[in-house]
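Dumped run-v8.tsv below, it's TSV, C-alpha atoms:
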chain	number	residue	atom	x	y	z
A	1	MET	CA	105.15	107.70	144.98
A	2	SER	CA	105.69	105.03	142.40
A	3	GLY	CA	108.60	102.77	143.29
A	4	VAL	CA	109.92	102.08	139.82
A	5	PRO	CA	111.23	105.01	137.77
A	6	VAL	CA	110.01	105.50	134.23
A	7	SER	CA	113.50	104.94	132.83
A	8	ALA	CA	113.57	101.37	134.19
A	9	TYR	CA	110.52	100.45	132.15
A	10	LEU	CA	111.93	102.18	129.10
A	11	ALA	CA	115.26	100.38	129.53
A	12	LEU	CA	113.48	97.02	129.74
A	13	ALA	CA	111.57	97.83	126.55
A	14	LEU	CA	114.82	98.92	124.89
A	15	ILE	CA	116.56	95.65	125.80
A	16	LEU	CA	113.67	93.57	124.52
A	17	PHE	CA	113.56	95.63	121.32
A	18	CYS	CA	117.29	95.11	120.77
A	19	ILE	CA	116.95	91.35	121.32
A	20	GLY	CA	114.09	91.25	118.83
A	21	LEU	CA	116.00	93.33	116.31
A	22	TYR	CA	119.10	91.15	116.55
A	23	GLY	CA	117.02	87.99	116.26
A	24	ALA	CA	115.11	89.29	113.26
A	25	LEU	CA	118.35	90.21	111.50
A	26	THR	CA	120.42	87.10	112.22
A	27	LYS	CA	118.10	84.09	112.55
A	28	LYS	CA	117.68	81.84	109.56
A	29	ASN	CA	114.34	80.22	110.31
A	30	THR	CA	111.53	82.42	109.03
A	31	ILE	CA	109.22	81.57	111.93
A	32	ILE	CA	111.82	82.80	114.40
A	33	VAL	CA	112.14	86.01	112.40
A	34	LEU	CA	108.36	86.48	112.64
A	35	ILE	CA	108.35	85.86	116.37
A	36	SER	CA	111.25	88.28	116.84
A	37	ILE	CA	109.11	90.93	115.16
A	38	GLU	CA	106.40	90.10	117.67
A	39	LEU	CA	108.91	90.68	120.45
A	40	MET	CA	109.73	94.10	119.02
A	41	LEU	CA	106.02	94.97	118.89
A	42	ASN	CA	105.73	93.93	122.53
A	43	ALA	CA	108.56	96.25	123.48
A	44	VAL	CA	106.73	99.08	121.74
A	45	ASN	CA	103.62	98.20	123.73
A	46	ILE	CA	105.55	98.41	126.98
A	47	ASN	CA	106.67	101.89	125.98
A	48	LEU	CA	103.12	102.96	125.14
A	49	ILE	CA	101.72	101.72	128.42
A	50	THR	CA	104.59	103.22	130.41
A	51	PHE	CA	103.93	106.63	128.92
A	52	SER	CA	100.22	106.19	129.45
A	53	LYS	CA	100.84	105.87	133.19
A	54	LEU	CA	104.04	107.77	133.94
A	55	GLY	CA	104.36	110.08	130.96
A	56	MET	CA	104.05	113.83	130.65
A	57	ALA	CA	100.26	113.74	130.38
A	58	PRO	CA	98.99	110.46	131.84
A	59	ALA	CA	95.84	109.22	130.14
A	60	ILE	CA	94.18	105.99	129.13
A	61	THR	CA	94.84	106.69	125.43
A	62	GLY	CA	98.14	104.83	125.47
A	63	GLN	CA	96.39	101.64	126.46
A	64	ILE	CA	93.87	102.10	123.63
A	65	PHE	CA	96.75	102.45	121.22
A	66	ALA	CA	98.38	99.30	122.62
A	67	ILE	CA	95.13	97.39	122.01
A	68	PHE	CA	95.21	98.48	118.37
A	69	VAL	CA	98.85	97.40	118.09
A	70	ILE	CA	97.99	93.97	119.51
A	71	ALA	CA	95.12	93.55	117.05
A	72	VAL	CA	97.30	94.49	114.09
A	73	ALA	CA	100.02	92.13	115.35
A	74	ALA	CA	97.55	89.26	115.48
A	75	ALA	CA	96.44	89.95	111.91
A	76	GLU	CA	100.08	90.19	110.82
A	77	VAL	CA	100.95	86.84	112.37
A	78	ALA	CA	98.01	85.13	110.68
A	79	VAL	CA	98.93	86.48	107.26
A	80	GLY	CA	102.64	85.82	107.83
A	81	ILE	CA	102.12	82.19	108.76
A	82	ALA	CA	99.78	81.72	105.78
A	83	ILE	CA	102.37	83.15	103.39
A	84	LEU	CA	105.03	80.99	105.03
A	85	LEU	CA	102.96	77.84	104.63
A	86	SER	CA	102.16	78.45	100.98
A	87	LEU	CA	105.82	79.27	100.36
A	88	TYR	CA	106.81	76.07	102.11
A	89	ARG	CA	104.45	74.08	99.90
A	90	ASN	CA	106.12	75.44	96.79
A	91	ARG	CA	109.76	75.64	97.85
A	92	LYS	CA	110.04	73.01	100.63
A	93	THR	CA	112.13	75.31	102.79
A	94	VAL	CA	111.73	77.74	105.66
A	95	ASN	CA	115.29	79.01	105.43
A	96	ILE	CA	115.20	82.74	104.88
A	97	ASP	CA	118.30	82.68	102.66
A	98	ASP	CA	116.51	80.50	100.13
A	99	MET	CA	113.63	82.90	99.67
A	100	ASN	CA	115.16	84.97	96.90
A	101	GLN	CA	112.73	84.64	94.01
A	102	LEU	CA	112.51	88.40	93.62
A	103	LYS	CA	116.27	88.85	93.54
A	104	ASN	CA	116.96	88.26	89.85
B	1	MET	CA	115.87	104.28	146.49
B	2	THR	CA	113.73	102.36	148.90
B	3	VAL	CA	113.22	98.76	147.95
B	4	SER	CA	109.48	98.35	147.67
B	5	GLY	CA	107.48	95.30	146.69
B	6	GLU	CA	106.72	96.89	143.34
B	7	PHE	CA	110.41	97.25	142.63
B	8	ILE	CA	111.13	93.63	143.52
B	9	ALA	CA	108.26	92.48	141.32
B	10	PHE	CA	109.55	94.63	138.48
B	11	LEU	CA	113.05	93.22	138.83
B	12	ALA	CA	111.82	89.63	138.82
B	13	LEU	CA	109.53	90.12	135.83
B	14	ALA	CA	112.16	92.03	133.87
B	15	LEU	CA	114.72	89.31	134.61
B	16	VAL	CA	112.39	86.58	133.35
B	17	ALA	CA	111.55	88.62	130.25
B	18	ILE	CA	115.19	89.26	129.37
B	19	ILE	CA	116.21	85.66	130.08
B	20	GLY	CA	113.45	84.50	127.74
B	21	GLY	CA	114.72	86.84	125.05
B	22	VAL	CA	118.32	85.72	125.48
B	23	LEU	CA	117.22	82.08	125.32
B	24	LEU	CA	115.40	82.91	122.09
B	25	LEU	CA	118.72	83.99	120.64
B	26	ASN	CA	120.79	81.10	122.00
B	27	LEU	CA	118.74	77.92	122.02
B	28	LYS	CA	119.25	75.43	119.22
B	29	LYS	CA	115.81	73.98	118.63
B	30	VAL	CA	113.08	76.13	117.18
B	31	VAL	CA	110.33	74.78	119.43
B	32	HIS	CA	112.40	75.58	122.52
B	33	MET	CA	112.84	79.14	121.27
B	34	VAL	CA	109.08	79.63	121.01
B	35	VAL	CA	108.55	78.18	124.49
B	36	ALA	CA	111.18	80.58	125.85
B	37	LEU	CA	109.28	83.41	124.20
B	38	VAL	CA	106.10	82.35	126.00
B	39	PHE	CA	107.83	83.11	129.31
B	40	THR	CA	108.79	86.54	127.98
B	41	PHE	CA	105.21	87.26	126.94
B	42	LEU	CA	103.85	86.16	130.33
B	43	SER	CA	106.24	88.36	132.25
B	44	ILE	CA	105.40	91.28	129.97
B	45	ALA	CA	101.80	90.73	131.05
B	46	GLY	CA	103.02	91.05	134.64
B	47	ILE	CA	104.75	94.30	133.72
B	48	TYR	CA	101.43	95.55	132.36
B	49	VAL	CA	99.80	94.80	135.72
B	50	LEU	CA	102.52	96.85	137.41
B	51	LEU	CA	101.72	99.68	135.01
B	52	SER	CA	98.03	99.48	135.99
B	53	ALA	CA	96.82	98.05	132.71
B	54	GLU	CA	95.03	94.95	133.92
B	55	PHE	CA	92.81	94.62	130.89
B	56	LEU	CA	95.81	94.73	128.58
B	57	ALA	CA	97.57	92.14	130.72
B	58	VAL	CA	94.69	89.73	130.18
B	59	VAL	CA	94.63	90.55	126.48
B	60	GLN	CA	98.38	89.96	126.33
B	61	ILE	CA	98.06	86.52	127.92
B	62	LEU	CA	95.16	85.60	125.64
B	63	VAL	CA	96.59	86.87	122.37
B	64	TYR	CA	100.34	86.49	122.74
B	65	SER	CA	100.98	83.57	125.09
B	66	GLY	CA	97.84	81.86	123.84
B	67	ALA	CA	97.05	82.48	120.22
B	68	ILE	CA	100.27	83.70	118.66
B	69	SER	CA	102.51	81.11	120.33
B	70	ILE	CA	100.17	78.31	119.30
B	71	ILE	CA	100.05	79.62	115.73
B	72	MET	CA	103.84	79.73	115.69
B	73	LEU	CA	104.06	76.17	117.03
B	74	PHE	CA	101.63	75.04	114.34
B	75	GLY	CA	103.72	76.81	111.75
B	76	ILE	CA	106.83	75.02	113.00
B	77	MET	CA	105.14	71.64	113.04
B	78	LEU	CA	103.63	72.05	109.58
B	79	THR	CA	106.95	73.09	108.09
B	80	LYS	CA	109.12	70.56	109.85
B	81	HIS	CA	112.14	70.64	107.66
B	82	ASN	CA	115.13	70.79	109.96
B	83	ASP	CA	114.28	71.80	113.47
B	84	GLU	CA	117.83	72.84	114.22
B	85	ASP	CA	118.36	76.49	113.58
B	86	GLU	CA	122.07	76.79	113.40
B	87	GLY	CA	124.84	77.29	110.94
B	88	ASP	CA	125.93	80.60	109.56
B	89	SER	CA	124.39	82.28	106.61
B	90	LYS	CA	126.48	83.38	103.69
B	91	GLY	CA	128.11	86.33	105.39
B	92	GLY	CA	129.26	84.11	108.24
B	93	GLY	CA	130.57	85.36	111.52
B	94	TRP	CA	131.54	88.82	110.34
B	95	ARG	CA	127.98	89.67	109.41
B	96	LYS	CA	126.77	88.56	112.83
B	97	ALA	CA	129.50	90.52	114.59
B	98	PHE	CA	128.73	93.71	112.69
B	99	LEU	CA	125.00	93.29	113.26
B	100	PHE	CA	125.66	92.77	116.96
B	101	LEU	CA	127.76	95.93	117.10
B	102	GLY	CA	125.12	97.86	115.21
B	103	VAL	CA	122.30	96.74	117.49
B	104	LEU	CA	124.50	97.47	120.51
B	105	ALA	CA	125.19	100.99	119.22
B	106	PHE	CA	121.47	101.48	118.62
B	107	GLY	CA	120.73	100.40	122.18
B	108	ALA	CA	123.48	102.59	123.62
B	109	VAL	CA	122.24	105.68	121.79
B	110	PHE	CA	118.71	105.21	123.01
B	111	TYR	CA	119.90	104.38	126.52
B	112	ILE	CA	121.74	107.70	126.67
B	113	GLY	CA	118.44	109.31	125.73
B	114	ILE	CA	116.35	107.64	128.42
B	115	TYR	CA	118.59	106.84	131.35
B	116	ASN	CA	117.63	109.71	133.60
B	117	LEU	CA	114.33	110.61	132.09
B	118	ASP	CA	111.79	111.67	134.66
B	119	PHE	CA	108.62	113.58	133.97
B	120	GLY	CA	107.78	114.03	137.61
B	121	SER	CA	104.09	114.00	136.94
B	122	ALA	CA	101.74	112.22	139.29
B	123	PRO	CA	100.63	108.85	137.89
B	124	ALA	CA	97.03	108.76	136.82
B	125	ALA	CA	94.46	106.53	138.47
B	126	LEU	CA	94.28	104.13	135.56
B	127	HIS	CA	93.83	101.03	137.68
B	128	GLU	CA	90.40	102.03	138.98
B	129	ASN	CA	87.80	100.35	136.76
B	130	ASN	CA	90.39	99.88	134.07
B	131	PRO	CA	88.19	98.00	131.54
B	132	GLU	CA	85.42	100.54	132.07
B	133	GLN	CA	87.75	103.44	131.34
B	134	ILE	CA	89.06	101.70	128.24
B	135	GLY	CA	85.55	100.93	127.05
B	136	ILE	CA	84.31	104.49	127.51
B	137	GLU	CA	87.33	105.93	125.73
B	138	LEU	CA	87.15	103.37	122.93
B	139	TYR	CA	83.47	103.89	122.20
B	140	SER	CA	83.42	107.65	122.62
B	141	LYS	CA	86.55	108.79	120.81
B	142	TYR	CA	87.87	105.86	118.79
B	143	VAL	CA	84.77	104.27	117.29
B	144	ILE	CA	85.90	104.58	113.67
B	145	PRO	CA	89.35	103.01	114.20
B	146	PHE	CA	87.68	100.28	116.27
B	147	GLU	CA	85.32	99.38	113.44
B	148	LEU	CA	88.12	99.65	110.90
B	149	MET	CA	90.06	97.19	113.05
B	150	SER	CA	87.26	94.67	112.74
B	151	VAL	CA	87.36	95.05	108.96
B	152	LEU	CA	91.15	94.63	109.01
B	153	LEU	CA	90.90	91.44	111.07
B	154	LEU	CA	88.21	90.05	108.76
B	155	VAL	CA	90.28	90.79	105.67
B	156	ALA	CA	93.45	89.39	107.23
B	157	PHE	CA	91.87	86.11	108.33
B	158	VAL	CA	90.00	85.55	105.06
B	159	GLY	CA	93.25	86.32	103.27
B	160	ALA	CA	95.11	83.87	105.49
B	161	ILE	CA	92.62	81.12	104.70
B	162	VAL	CA	92.81	81.82	100.97
B	163	LEU	CA	96.60	81.91	101.00
B	164	SER	CA	97.16	78.72	102.96
B	165	ARG	CA	94.41	76.64	101.37
B	166	ASN	CA	95.37	73.70	99.24
B	167	ASP	CA	94.06	74.50	95.81
B	168	GLU	CA	92.90	71.09	94.70
B	169	LYS	CA	91.58	72.26	91.37
B	170	GLU	CA	94.89	73.72	90.30
B	171	GLU	CA	96.79	70.66	91.42
B	172	ALA	CA	94.38	68.47	89.50
B	173	ASP	CA	95.02	70.62	86.44
B	174	LYS	CA	98.73	70.23	86.92
B	175	GLU	CA	98.65	66.46	87.02

Please express the file's structure as structure tokens.
Amino acid sequence: MSGVPVSAYLALALILFCIGLYGALTKKNTIIVLISIELMLNAVNINLITFSKLGMAPAITGQIFAIFVIAVAAAEVAVGIAILLSLYRNRKTVNIDDMNQLKN
Amino acid sequence: MTVSGEFIAFLALALVAIIGGVLLLNLKKVVHMVVALVFTFLSIAGIYVLLSAEFLAVVQILVYSGAISIIMLFGIMLTKHNDEDEGDSKGGGWRKAFLFLGVLAFGAVFYIGIYNLDFGSAPAALHENNPEQIGIELYSKYVIPFELMSVLLLVAFVGAIVLSRNDEKEEADKE
């Protein structure tokens, strides 16, 4: 039998997701907000792989899905950093409270 | 519950992952936060090995602890404005307190949902020839999404280059 219950993995993923969510909502540096989003995506990947091994119908499909999530996350980080750099060139700030051009 | 080696490994990896996440929230310097996150990503790769996803563990180390952390460090170094990330935003402490309560409530609700979840199904033999299984599945059932993913990556990286390039012609026009 497997030593670790499925709920332990899910609880770990939940804790990491909550840390990422709190960081994304409270941090002021935009790079830290981006990396918190990465942490949330990682928590989702843990869930996918847990269900792919210990779920109701174990299959390799969960791992395939996690690969797609990782690829999309890599693309997202590249575009996010590019937007951040071009924003920094124009506004000279990475503080997320100063990025309010669309507000009024 | 019998204490097996798998359980001890899970506890150690989960502890490192959560400590990395907590350090992300509490450290002062931005570079230190990213380095703390690298530890979290590495221990998540260990968790993947425990869940018999060796190929994904390697991919995790390559993409997250390698590429994404380095890109983040480059982003920090290229935008070195104030490397201290402190001070309260406009809402101040109340906003943080309410957000903390909200996230805590979110976590509590989901924990109630999962805390004694057990499917009782026998785990599949995913660790035998794991890359081979992934390859067969990927190229027999998910060919179209796989190719679409290559197009997405191409578009994203070309877009990233175009966005972050210094447009010398425009700047020359401006001057």

Proximity to Ser52 of chain A - best of A:Ala73, A:Ala66, A:Met99, A:Ile19, only C-alpha atoms: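 Closest candidate: A:Ala66.
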
Two-atom distance - atom CA of Lys53 of chain A, atom CA of Thr40 of chain B (Å):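 These two atoms are separated by 21.5 Å.
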
With chain A as the partner and 6 Å as the cut-off, tabulate the residues of chain B that qualify, each row holding the nearest pair of atoms and their distance in Å to one decimal, using all atoms listed in the file, sorted by chain and rising number, as a tab-separated table.
residue	atom	partner	partner_atom	distance
B:Phe7	CA	A:Val4	CA	5.6
B:Ile114	CA	A:Ser7	CA	5.9
B:Tyr115	CA	A:Ser7	CA	5.6
B:Leu117	CA	A:Ser7	CA	5.8
B:Phe119	CA	A:Met56	CA	5.7
B:Pro123	CA	A:Leu54	CA	5.3
B:Ala124	CA	A:Pro58	CA	5.6
B:Leu153	CA	A:Ala75	CA	5.8
B:Ala156	CA	A:Ala75	CA	5.6
B:Ala160	CA	A:Val79	CA	5.0
B:Leu163	CA	A:Ala82	CA	5.7
B:Ser164	CA	A:Ala82	CA	4.9

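Closest to Val69 of chain A among A:Val33, A:Leu48, A:Arg91, A:Asn100 is A:Leu48, based on only C-alpha atoms.
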
d(atom CA of Phe39 of chain B, atom CA of Ser65 of chain B) in Å: 8.1 Å

Distance criterion (only C-alpha atoms): nearest to Ile61 of chain B out of B:Gly159, B:Gly92, B:Gly46, B:Pro145: B:Gly46

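The two atoms in question, atom CA of Glu128 of chain B and atom CA of Ser52 of chain B, are spaced 8.6 Å apart.
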
Produce the centre coordinates and the three edge lengths, each in Å to one decimal, of the box along x, y and z that contains all listed atoms of segment 42-56 of chain B with 5 Å added on each side, as AutoDock Vina command-line options.
--center_x 99.5 --center_y 92.9 --center_z 133.0 --size_x 23.4 --size_y 23.5 --size_z 18.8
